[in-house]
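Colleague: Input file: coords_27.cif. Contents: mmCIF, C-alpha atoms.
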```cif
data_upload
#
loop_
_atom_site.label_atom_id
_atom_site.label_comp_id
_atom_site.auth_asym_id
_atom_site.auth_seq_id
_atom_site.Cartn_x
_atom_site.Cartn_y
_atom_site.Cartn_z
CA MET W 1 88.24 137.32 86.50
CA ASP W 2 86.04 134.52 87.80
CA ILE W 3 83.50 135.61 90.38
CA SER W 4 85.07 133.13 92.83
CA ASP W 5 88.24 135.22 92.71
CA PHE W 6 86.44 138.51 93.35
CA ILE W 7 88.04 140.92 95.83
CA ALA W 8 85.62 143.67 96.84
CA GLY W 9 88.15 146.27 97.99
CA HIS W 10 89.81 147.38 101.18
CA TYR W 11 89.40 149.80 104.06
CA GLU W 12 91.28 153.05 103.73
CA GLN W 13 92.45 154.91 106.81
CA ARG W 14 91.02 158.42 107.03
CA TYR W 15 91.17 160.85 109.92
CA GLN W 16 89.87 158.92 112.95
CA TYR W 17 87.89 156.43 110.84
CA LYS W 18 88.24 153.91 108.02
CA ALA W 19 86.26 154.13 104.78
CA PHE W 20 85.71 151.23 102.39
CA LEU W 21 87.27 151.72 98.95
CA PRO W 22 85.75 149.29 96.43
CA ARG W 23 87.70 147.97 93.48
CA HIS W 24 86.70 148.95 89.96
CA VAL W 25 84.17 146.69 88.24
CA HIS W 26 84.91 147.64 84.63
CA HIS W 27 86.89 144.54 83.65
CA GLU W 28 86.37 141.04 82.30
CA TRP W 29 84.17 138.68 84.30
CA VAL W 30 83.81 134.90 84.12
CA ILE W 31 80.90 132.93 85.57
CA SER W 32 81.62 129.20 85.86
CA ASP W 33 79.56 128.41 88.96
CA PRO W 34 76.81 125.92 87.90
CA LYS W 35 74.40 127.05 90.62
CA VAL W 36 74.62 130.69 89.55
CA LEU W 37 74.14 129.71 85.90
CA ASP W 38 71.09 127.59 86.78
CA VAL W 39 69.40 130.34 88.79
CA LEU W 40 70.30 132.86 86.07
CA GLY W 41 68.52 130.71 83.48
CA ARG W 42 65.38 130.54 85.60
CA ALA W 43 65.44 134.30 86.19
CA ASP W 44 65.86 134.97 82.45
CA ARG W 45 62.88 132.74 81.62
CA ALA W 46 60.66 134.41 84.22
CA LEU W 47 61.66 137.84 82.94
CA GLY W 48 60.89 136.79 79.37
CA GLU W 49 57.41 135.63 80.37
CA LEU W 50 56.74 138.92 82.14
CA ASN W 51 57.93 140.85 79.10
CA ALA W 52 55.53 138.90 76.88
CA PHE W 53 52.61 139.81 79.15
CA SER W 54 53.58 143.47 79.15
CA GLN W 55 53.30 143.53 75.36
CA LEU W 56 49.94 141.75 75.20
CA ILE W 57 47.90 143.70 77.74
CA PRO W 58 45.92 146.69 76.45
CA ASP W 59 46.29 149.94 78.41
CA ILE W 60 49.53 148.57 79.87
CA ASP W 61 50.62 152.05 80.98
CA PHE W 62 47.66 152.14 83.39
CA PHE W 63 48.99 149.02 85.12
CA ILE W 64 52.60 150.22 84.99
CA ARG W 65 51.43 153.18 87.05
CA MET W 66 50.37 150.73 89.75
CA HIS W 67 53.77 149.00 89.67
CA VAL W 68 55.43 152.41 89.98
CA ALA W 69 53.27 153.29 92.99
CA LYS W 70 54.08 149.95 94.64
CA GLU W 71 57.79 150.43 93.98
CA ALA W 72 57.66 153.93 95.46
CA THR W 73 55.91 152.80 98.63
CA GLN W 74 58.04 149.66 99.14
CA SER W 75 61.38 151.27 98.32
CA SER W 76 60.57 154.21 100.61
CA ARG W 77 59.45 151.76 103.30
CA ILE W 78 62.96 150.30 103.35
CA GLU W 79 64.12 153.82 104.20
CA GLY W 80 61.61 154.11 107.06
CA THR W 81 58.43 155.66 105.60
CA ARG W 82 55.04 154.10 106.28
CA THR W 83 52.84 155.20 103.37
CA ASN W 84 50.93 152.28 101.83
CA ILE W 85 49.91 151.89 98.20
CA GLU W 86 46.33 152.99 98.89
CA ASP W 87 47.52 156.23 100.51
CA ALA W 88 49.79 156.89 97.52
CA PHE W 89 46.67 157.54 95.42
CA LYS W 90 45.03 159.86 97.92
CA GLY W 91 45.27 163.63 97.90
CA LEU W 92 47.20 165.49 100.57
CA ASP W 93 43.99 166.75 102.18
CA ASP W 94 42.75 163.18 102.60
CA LEU W 95 45.63 162.31 104.94
CA LYS W 96 46.26 162.92 108.62
CA PRO W 97 48.91 165.60 109.32
CA GLU W 98 51.36 163.03 110.67
CA GLU W 99 51.13 161.03 107.43
CA ARG W 100 51.94 163.87 105.05
CA ASP W 101 55.73 163.94 105.18
CA ASP W 102 55.97 160.25 104.27
CA TRP W 103 53.32 160.72 101.56
CA THR W 104 55.31 163.60 100.07
CA GLU W 105 58.44 161.45 99.87
CA VAL W 106 56.51 158.70 98.11
CA GLN W 107 55.00 161.21 95.66
CA ASN W 108 58.47 162.56 94.94
CA TYR W 109 59.68 159.06 94.24
CA ILE W 110 56.75 158.37 91.90
CA ARG W 111 57.57 161.59 90.06
CA ALA W 112 61.27 160.66 89.91
CA ILE W 113 60.50 157.18 88.54
CA ASN W 114 58.21 158.60 85.86
CA PHE W 115 60.79 161.26 85.00
CA ALA W 116 63.52 158.62 84.61
CA ILE W 117 61.34 156.31 82.51
CA GLU W 118 60.36 159.15 80.18
CA SER W 119 63.98 160.33 79.96
CA LEU W 120 65.14 156.91 78.72
CA ALA W 121 63.55 157.80 75.38
CA ASN W 122 66.25 160.46 74.89
CA LEU W 123 69.06 159.54 77.29
CA PRO W 124 70.87 156.28 78.00
CA LEU W 125 71.10 155.03 81.56
CA SER W 126 74.00 157.23 82.57
CA VAL W 127 75.53 159.29 85.35
CA ARG W 128 73.73 162.30 83.89
CA LEU W 129 70.33 160.58 84.08
CA LEU W 130 70.95 159.32 87.62
CA ARG W 131 71.88 162.80 88.78
CA GLN W 132 68.80 164.33 87.16
CA THR W 133 66.60 161.64 88.69
CA HIS W 134 68.19 162.24 92.10
CA ALA W 135 67.33 165.93 91.79
CA GLU W 136 63.69 164.99 91.18
CA LEU W 137 63.73 162.51 94.04
CA MET W 138 65.07 164.95 96.63
CA GLN W 139 63.23 168.10 95.59
CA GLY W 140 61.13 169.54 98.41
CA VAL W 141 61.43 166.66 100.89
CA ARG W 142 63.44 165.99 104.01
CA GLY W 143 66.67 165.56 102.06
CA GLU W 144 66.29 168.69 99.94
CA HIS W 145 69.30 170.33 101.61
CA LYS W 146 71.53 167.34 100.84
CA LEU W 147 72.69 168.46 97.37
CA PRO W 148 69.86 167.22 95.09
CA GLY W 149 71.37 166.04 91.81
CA GLU W 150 74.96 166.51 93.02
CA PHE W 151 77.49 163.94 94.13
CA ARG W 152 78.56 164.30 97.73
CA THR W 153 81.53 166.44 98.69
CA SER W 154 81.74 165.13 102.24
CA GLN W 155 81.86 161.79 103.98
CA ASN W 156 78.62 159.92 104.59
CA TRP W 157 77.90 156.70 106.47
CA ILE W 158 75.22 154.13 107.23
CA GLY W 159 74.31 154.05 110.92
CA VAL W 160 73.75 156.38 113.84
CA SER W 161 77.10 158.19 113.59
CA LEU W 162 80.40 158.06 111.77
CA LYS W 163 82.12 156.67 114.86
CA HIS W 164 79.55 153.89 115.27
CA ALA W 165 78.64 153.36 111.60
CA ALA W 166 77.57 149.98 110.28
CA PHE W 167 79.28 150.91 107.00
CA VAL W 168 81.38 153.84 105.82
CA PRO W 169 81.39 154.28 102.01
CA PRO W 170 84.48 155.53 100.16
CA HIS W 171 85.79 159.01 100.82
CA HIS W 172 84.22 161.62 98.57
CA ASP W 173 87.56 162.13 96.79
CA HIS W 174 86.97 158.75 95.10
CA VAL W 175 83.32 159.18 94.11
CA LEU W 176 83.76 160.63 90.61
CA ASP W 177 86.30 157.98 89.61
CA LEU W 178 84.18 155.13 90.96
CA VAL W 179 80.96 156.36 89.38
CA SER W 180 82.74 156.82 86.04
CA ASP W 181 84.01 153.24 86.25
CA LEU W 182 80.49 152.02 87.05
CA GLU W 183 79.02 153.83 84.05
CA LYS W 184 81.64 152.27 81.75
CA PHE W 185 80.84 148.84 83.18
CA LEU W 186 77.12 149.23 82.51
CA HIS W 187 77.70 149.98 78.83
CA ALA W 188 80.83 147.96 78.04
CA ASP W 189 79.98 145.95 74.90
CA ASP W 190 83.37 144.26 75.01
CA ILE W 191 82.59 142.69 78.40
CA LEU W 192 80.51 139.55 77.80
CA LEU W 193 78.30 139.32 80.85
CA PRO W 194 74.61 138.37 81.14
CA PRO W 195 72.54 141.53 81.74
CA LEU W 196 71.02 140.31 85.01
CA VAL W 197 74.45 139.57 86.43
CA ARG W 198 75.74 142.92 85.20
CA ILE W 199 72.98 144.89 86.93
CA ALA W 200 73.33 142.79 90.09
CA ILE W 201 77.01 143.74 90.29
CA ALA W 202 76.20 147.35 89.35
CA HIS W 203 73.56 147.65 92.07
CA TYR W 204 76.00 146.33 94.69
CA GLN W 205 78.68 148.74 93.49
CA PHE W 206 76.32 151.74 93.47
CA GLU W 207 75.15 151.05 97.01
CA THR W 208 78.77 150.62 98.09
CA ILE W 209 79.89 153.89 96.50
CA HIS W 210 76.87 155.68 98.00
CA PRO W 211 77.60 158.69 95.76
CA PHE W 212 74.90 161.01 97.12
CA LEU W 213 74.38 162.33 100.63
CA ASP W 214 70.85 160.90 100.69
CA GLY W 215 68.52 158.87 98.50
CA ASN W 216 71.13 156.28 97.47
CA GLY W 217 69.00 153.27 98.37
CA ARG W 218 65.95 154.37 96.41
CA LEU W 219 67.98 155.48 93.40
CA GLY W 220 70.09 152.33 93.40
CA ARG W 221 66.99 150.14 93.39
CA LEU W 222 65.38 152.22 90.65
CA MET W 223 68.56 151.82 88.58
CA ILE W 224 67.77 148.10 88.28
CA SER W 225 64.44 148.73 86.53
CA LEU W 226 65.89 151.48 84.36
CA TYR W 227 68.68 149.19 83.20
CA LEU W 228 66.29 146.37 82.27
CA ALA W 229 64.16 148.80 80.27
CA SER W 230 67.12 150.55 78.62
CA GLU W 231 68.61 147.22 77.52
CA GLY W 232 65.31 146.08 76.00
CA LEU W 233 64.89 143.19 78.42
CA LEU W 234 61.48 144.61 79.30
CA HIS W 235 59.21 146.34 76.81
CA LYS W 236 57.79 148.32 79.72
CA PRO W 237 59.32 148.86 83.18
CA ALA W 238 57.20 146.25 84.93
CA LEU W 239 59.75 144.70 87.29
CA TYR W 240 60.69 146.35 90.58
CA LEU W 241 62.67 144.51 93.24
CA SER W 242 62.02 146.74 96.25
CA ASP W 243 59.13 144.57 97.44
CA TYR W 244 61.45 141.53 97.46
CA PHE W 245 64.20 143.51 99.18
CA GLU W 246 61.76 144.91 101.76
CA ARG W 247 60.35 141.47 102.59
CA ASN W 248 63.93 140.19 102.92
CA LYS W 249 65.39 143.38 104.31
CA THR W 250 67.83 141.79 106.76
CA ALA W 251 69.12 139.34 104.13
CA TYR W 252 69.41 142.17 101.58
CA ILE W 253 71.57 144.29 103.87
CA ASP W 254 73.56 141.28 105.09
CA HIS W 255 74.35 140.10 101.55
CA LEU W 256 75.62 143.54 100.53
CA MET W 257 77.80 143.70 103.63
CA ALA W 258 79.04 140.13 103.09
CA VAL W 259 80.38 141.12 99.67
CA ARG W 260 82.30 144.04 101.20
CA GLU W 261 83.51 142.18 104.27
CA GLY W 262 84.13 138.70 102.87
CA ASN W 263 84.03 138.96 99.04
CA HIS W 264 80.88 136.80 98.93
CA LEU W 265 79.76 137.93 95.46
CA ARG W 266 78.38 134.50 94.54
CA GLU W 267 75.88 134.58 97.41
CA TRP W 268 74.78 138.12 96.50
CA LEU W 269 74.24 137.08 92.86
CA LEU W 270 72.12 134.10 93.93
CA PHE W 271 70.03 136.28 96.25
CA PHE W 272 69.54 138.88 93.52
CA LEU W 273 68.69 136.40 90.74
CA ILE W 274 66.23 134.51 92.95
CA GLY W 275 64.60 137.88 93.61
CA VAL W 276 64.29 138.56 89.88
CA GLU W 277 62.74 135.14 89.29
CA GLU W 278 60.28 135.46 92.19
CA THR W 279 59.31 139.05 91.36
CA ALA W 280 58.91 138.46 87.62
CA THR W 281 56.78 135.36 88.26
CA ALA W 282 54.62 137.27 90.77
CA SER W 283 54.25 140.24 88.41
CA ALA W 284 53.15 137.96 85.57
CA SER W 285 50.58 136.39 87.92
CA VAL W 286 49.29 139.87 88.75
CA PHE W 287 48.87 140.60 85.05
CA ARG W 288 46.89 137.35 84.65
CA ALA W 289 44.69 138.30 87.60
CA ILE W 290 44.13 141.79 86.16
CA ILE W 291 42.98 140.30 82.87
CA GLU W 292 40.57 137.98 84.70
CA LEU W 293 39.22 140.83 86.86
CA LYS W 294 38.81 143.10 83.84
CA GLN W 295 36.97 140.42 81.88
CA ARG W 296 34.67 139.62 84.80
CA ILE W 297 33.70 143.27 85.30
CA GLU W 298 33.07 143.72 81.59
CA ARG W 299 31.02 140.53 81.48
CA ASP W 300 29.08 140.65 84.77
CA VAL W 301 28.92 144.29 85.88
CA LEU W 302 29.01 146.76 83.02
CA PRO W 303 26.07 145.19 81.09
CA ARG W 304 23.86 146.03 84.09
CA PHE W 305 24.14 149.75 83.37
CA SER W 306 21.48 151.33 81.19
CA THR W 307 22.26 151.99 77.56
CA ARG W 308 22.37 155.71 78.32
CA ARG W 309 25.10 155.19 80.94
CA GLN W 310 27.14 152.46 79.24
CA ALA W 311 29.79 154.76 77.78
CA SER W 312 30.27 156.66 81.04
CA ALA W 313 30.46 153.46 83.08
CA HIS W 314 33.04 151.96 80.72
CA GLY W 315 35.06 155.16 80.81
CA LEU W 316 35.04 155.40 84.60
CA VAL W 317 36.05 151.75 85.11
CA ARG W 318 38.87 152.16 82.59
CA HIS W 319 40.26 155.09 84.60
CA LEU W 320 40.09 153.05 87.82
CA TYR W 321 42.96 150.87 86.64
CA ALA W 322 45.26 153.90 86.78
CA GLN W 323 43.62 155.67 89.75
CA PRO W 324 42.00 153.13 92.09
CA VAL W 325 41.17 155.66 94.84
CA ILE W 326 38.64 158.27 93.74
CA ASP W 327 36.01 160.76 94.83
CA VAL W 328 32.93 162.00 93.00
CA ARG W 329 34.52 165.24 91.79
CA TRP W 330 37.48 163.43 90.25
CA ALA W 331 35.21 160.94 88.50
CA ALA W 332 33.05 163.73 87.05
CA GLN W 333 36.13 165.48 85.66
CA GLN W 334 37.65 162.35 84.15
CA ILE W 335 34.59 161.24 82.20
CA ASP W 336 33.20 164.76 81.66
CA VAL W 337 29.79 164.32 83.28
CA ALA W 338 27.78 166.22 85.86
CA THR W 339 28.58 165.61 89.52
CA ASN W 340 25.24 163.95 90.23
CA THR W 341 25.76 161.59 87.26
CA ALA W 342 29.21 160.62 88.56
CA ALA W 343 27.75 160.08 92.04
CA ALA W 344 25.09 157.77 90.61
CA LEU W 345 27.67 155.77 88.64
CA ILE W 346 29.85 155.38 91.72
CA SER W 347 26.84 154.35 93.79
CA ASP W 348 26.07 151.61 91.26
CA LEU W 349 29.70 150.44 91.23
CA VAL W 350 29.57 150.23 95.04
CA ARG W 351 26.35 148.24 94.83
CA HIS W 352 27.92 145.82 92.35
CA GLY W 353 31.02 145.35 94.54
CA VAL W 354 33.53 147.11 92.29
CA LEU W 355 34.12 150.09 94.59
CA VAL W 356 34.20 150.29 98.40
CA GLU W 357 33.59 153.49 100.37
CA VAL W 358 36.38 153.79 102.95
CA THR W 359 35.81 156.98 104.95
CA GLY W 360 32.46 156.27 106.57
CA GLN W 361 31.63 159.96 106.16
CA SER W 362 28.59 161.61 104.67
CA ARG W 363 30.76 164.16 102.85
CA ASN W 364 34.18 164.08 101.17
CA ARG W 365 33.87 160.37 100.64
CA LEU W 366 36.61 158.27 99.07
CA TYR W 367 35.99 155.11 97.07
CA VAL W 368 38.54 152.34 96.52
CA PHE W 369 38.79 149.76 93.74
CA ASP W 370 39.63 147.31 96.49
CA GLU W 371 39.83 144.00 94.66
CA TYR W 372 42.22 145.54 92.16
CA LEU W 373 44.37 147.19 94.85
CA ASN W 374 44.59 143.86 96.66
CA LEU W 375 46.55 142.47 93.71
CA PHE W 376 49.31 144.94 94.51
CA ARG W 377 49.14 144.71 98.30
CA THR W 378 50.49 141.16 98.36
#
```
Represent the structure from my file as structure tokens, please.

Modeller:
Amino acid sequence: MDISDFIAGHYEQRYQYKAFLPRHVHHEWVISDPKVLDVLGRADRALGELNAFSQLIPDIDFFIRMHVAKEATQSSRIEGTRTNIEDAFKGLDDLKPEERDDWTEVQNYIRAINFAIESLANLPLSVRLLRQTHAELMQGVRGEHKLPGEFRTSQNWIGVSLKHAAFVPPHHDHVLDLVSDLEKFLHADDILLPPLVRIAIAHYQFETIHPFLDGNGRLGRLMISLYLASEGLLHKPALYLSDYFERNKTAYIDHLMAVREGNHLREWLLFFLIGVEETATASASVFRAIIELKQRIERDVLPRFSTRRQASAHGLVRHLYAQPVIDVRWAAQQIDVATNTAAALISDLVRHGVLVEVTGQSRNRLYVFDEYLNLFRT
């Protein structure tokens, strides 16, 4: 079926409301639209460049941790939380009471992302993995009573109420069948479809099925990164689209609805592929900037430390790339030095402009690797 002939589904009458029943996606697809093919080519090239960077950079897992934290904060922001990437690296005691619920949700999402990435070593991207990741995502937060790890057994909706919903996903009687069809589509070797187009369609279908009572948006966006990693398109999971979706939130929601309401799959694919190209290009630029920052610190700052402190200074700076918000106690533990030695090292890094003290307090101070964090704030 050519994408121009795509029919999304139909509304099914239920008791006092109508629910949208999407068509199956596990079937042949044909892409003949020249604009889609052109944008797909650009997105593939940008993704390839990002993948090359991810294989060249030493300590890449340190920087992946930053991408994970940014994904967690941006994806959760789409759902209404307000934790920023700097707060994501703080401890619970360093936050105001009103900030802690949002922080906990972001921490859960970070844990869920890391769980899913690690699980890919032993499990394919599957219904089983998505359910296990959902259980991690929803454990101990505001949605913990909404069947963590279990598909819904009741009707859900997007909006203030079922009667006034912006969108009503399929009735729960259809969820297992639709999710099974989606899983087959993701892994169908007999369906010749470019991977980026396949995951674009899969993301739309997942969000339309809305198989869980809560957490569908975050899990559906995470599924994109997991698919790219599981298919070998990225050596490391370094591409996350939530920042693009959050910056274009209205367009993101409108495009998904336009597929359901008007079968506008072409426009959704273009929006998605442009997002891949933009995000991959931006992520590669961040990697370049990290390399430049790292080289400058190693060239201009670290040689200023005495010979006796060189090893400790190198060790502390290396850890900053994975944990850019620190206190003296944490630093002492990480590089195994006395507290006063760690305090002196931090003081020197503040003096040389690497760290910035952000609390303004005389005790319980926090220090931020600000120039590095700025690369992920944009």

Colleague: Running the PyMOL selection byres ((chain W and resi 258) around 12) on this model by hand, what would come out? Give it as a PyMOL selection string.

Modeller: chain W and resi 7-8+167+204+208+250-257+259-269+271

Colleague: How far is it from CA of Ile110 in chain W to CA of Leu40 in chain W, in Å with one decimal?

Modeller: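 Value for the CA of Ile110 in chain W-CA of Leu40 in chain W distance: 29.5 Å.
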
Colleague: Could you pull the residues within 10 Å of Pro170 in chain W, counting only C-alpha atoms, minus those fewer than 4 positions along the same chain, as a ChimeraX atom specification?

Modeller: /W:10-12,14,18-22,155-157,174-175,178,208-211

Colleague: What is the distance, in Å and to one decimal place, between CA of Phe272 in chain W and CA of Ile31 in chain W?

Modeller: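 Interatomic distance here is 15.1 Å.
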
Colleague: With the PyMOL selection byres ((chain W and resi 314-324) around 9) as the selection, what would be picked from this file? Answer as an MDAnalysis selection string, please.

Modeller: chainID W and resid 59 61:66 86 89 297:298 302 309:313 325:326 331:332 334:335 342 345:346 349 354:355 367:370 372:373

Colleague: In Å to one decimal, how far is CA of Pro97 in chain W from CA of Glu246 in chain W?

Modeller: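 If I compute the distance from CA of Glu246 in chain W to CA of Pro97 in chain W, I get 25.5 Å.
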
Colleague: Choose the residue, out of W:Gly149, W:Gly41, W:Pro195, W:Gly232, that has the smallest atom-to-atom separation from Asp214 in chain W; count only C-alpha atoms.

Modeller: W:Gly149

Colleague: Can you list what the PyMOL selection byres ((chain W and resi 287) around 9) grabs from this structure, as a list in words?

Modeller: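 Against this file, the PyMOL selection byres ((chain W and resi 287) around 9) returns the residues Leu50, Phe53, Ser54, Ile57, Phe63, Ala282, Ser283, Ala284, Ser285, Val286, Arg288, Ala289, Ile290, Ile291 and Glu292 of chain W.
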
Colleague: Name the residues within 6 Å of (72.5, 152.3, 91.5), counting all atoms listed in the file in the file's coordinates, and put them as a PyMOL selection string.

Modeller: chain W and resi 203+206+219-220+223

Colleague: When you look at Leu176 in chain W with a cut-off of 10 Å (counting only C-alpha atoms), what residues show up, excluding the ones that are within fewer than 3 positions of it in the same chain? I need them as a short mmCIF file (atom, residue, chain, number, x, y, z; two decimals) with C-alpha atoms, keeping the file's coordinate frame.

Modeller:
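So result-v7.cif came out as:
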```
data_model
loop_
_atom_site.label_atom_id
_atom_site.label_comp_id
_atom_site.auth_asym_id
_atom_site.auth_seq_id
_atom_site.Cartn_x
_atom_site.Cartn_y
_atom_site.Cartn_z
CA VAL W 127 75.53 159.29 85.35
CA PHE W 151 77.49 163.94 94.13
CA ARG W 152 78.56 164.30 97.73
CA HIS W 172 84.22 161.62 98.57
CA ASP W 173 87.56 162.13 96.79
CA VAL W 179 80.96 156.36 89.38
CA SER W 180 82.74 156.82 86.04
CA ASP W 181 84.01 153.24 86.25
CA LEU W 182 80.49 152.02 87.05
CA ILE W 209 79.89 153.89 96.50
CA PRO W 211 77.60 158.69 95.76
#
```

Colleague: With only C-alpha atoms as the atoms that count, which of W:Thr279, W:Gln205, W:Gln333, W:Ser75 lies nearest to His26 in chain W?

Modeller: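 Of W:Thr279, W:Gln205, W:Gln333, W:Ser75, the one nearest His26 in chain W is W:Gln205, counting only C-alpha atoms.
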
Colleague: Within 9 Å of (39.7, 161.3, 97.8) (file coordinates; only C-alpha atoms), which protein or nucleic acid residues are there? I'd like them as a ChimeraX atom specification.

Modeller: /W:89-91,93-94,325-330,364-367

Colleague: Please give the centre and size of the box around range 262-271 of chain W (axis-aligned, containing every atom listed in the file, 6 Å added per side), with values in Å to one decimal and written as AutoDock Vina command-line options.

Modeller:
```
--center_x 77.1 --center_y 136.5 --center_z 97.9 --size_x 26.1 --size_y 16.9 --size_z 22.0
```

Colleague: Considering all atoms listed in the file, state which residue in the set W:Arg363, W:His67, W:His134, W:Arg377 is at the smallest distance from Gly215 in chain W.

Modeller: W:His134
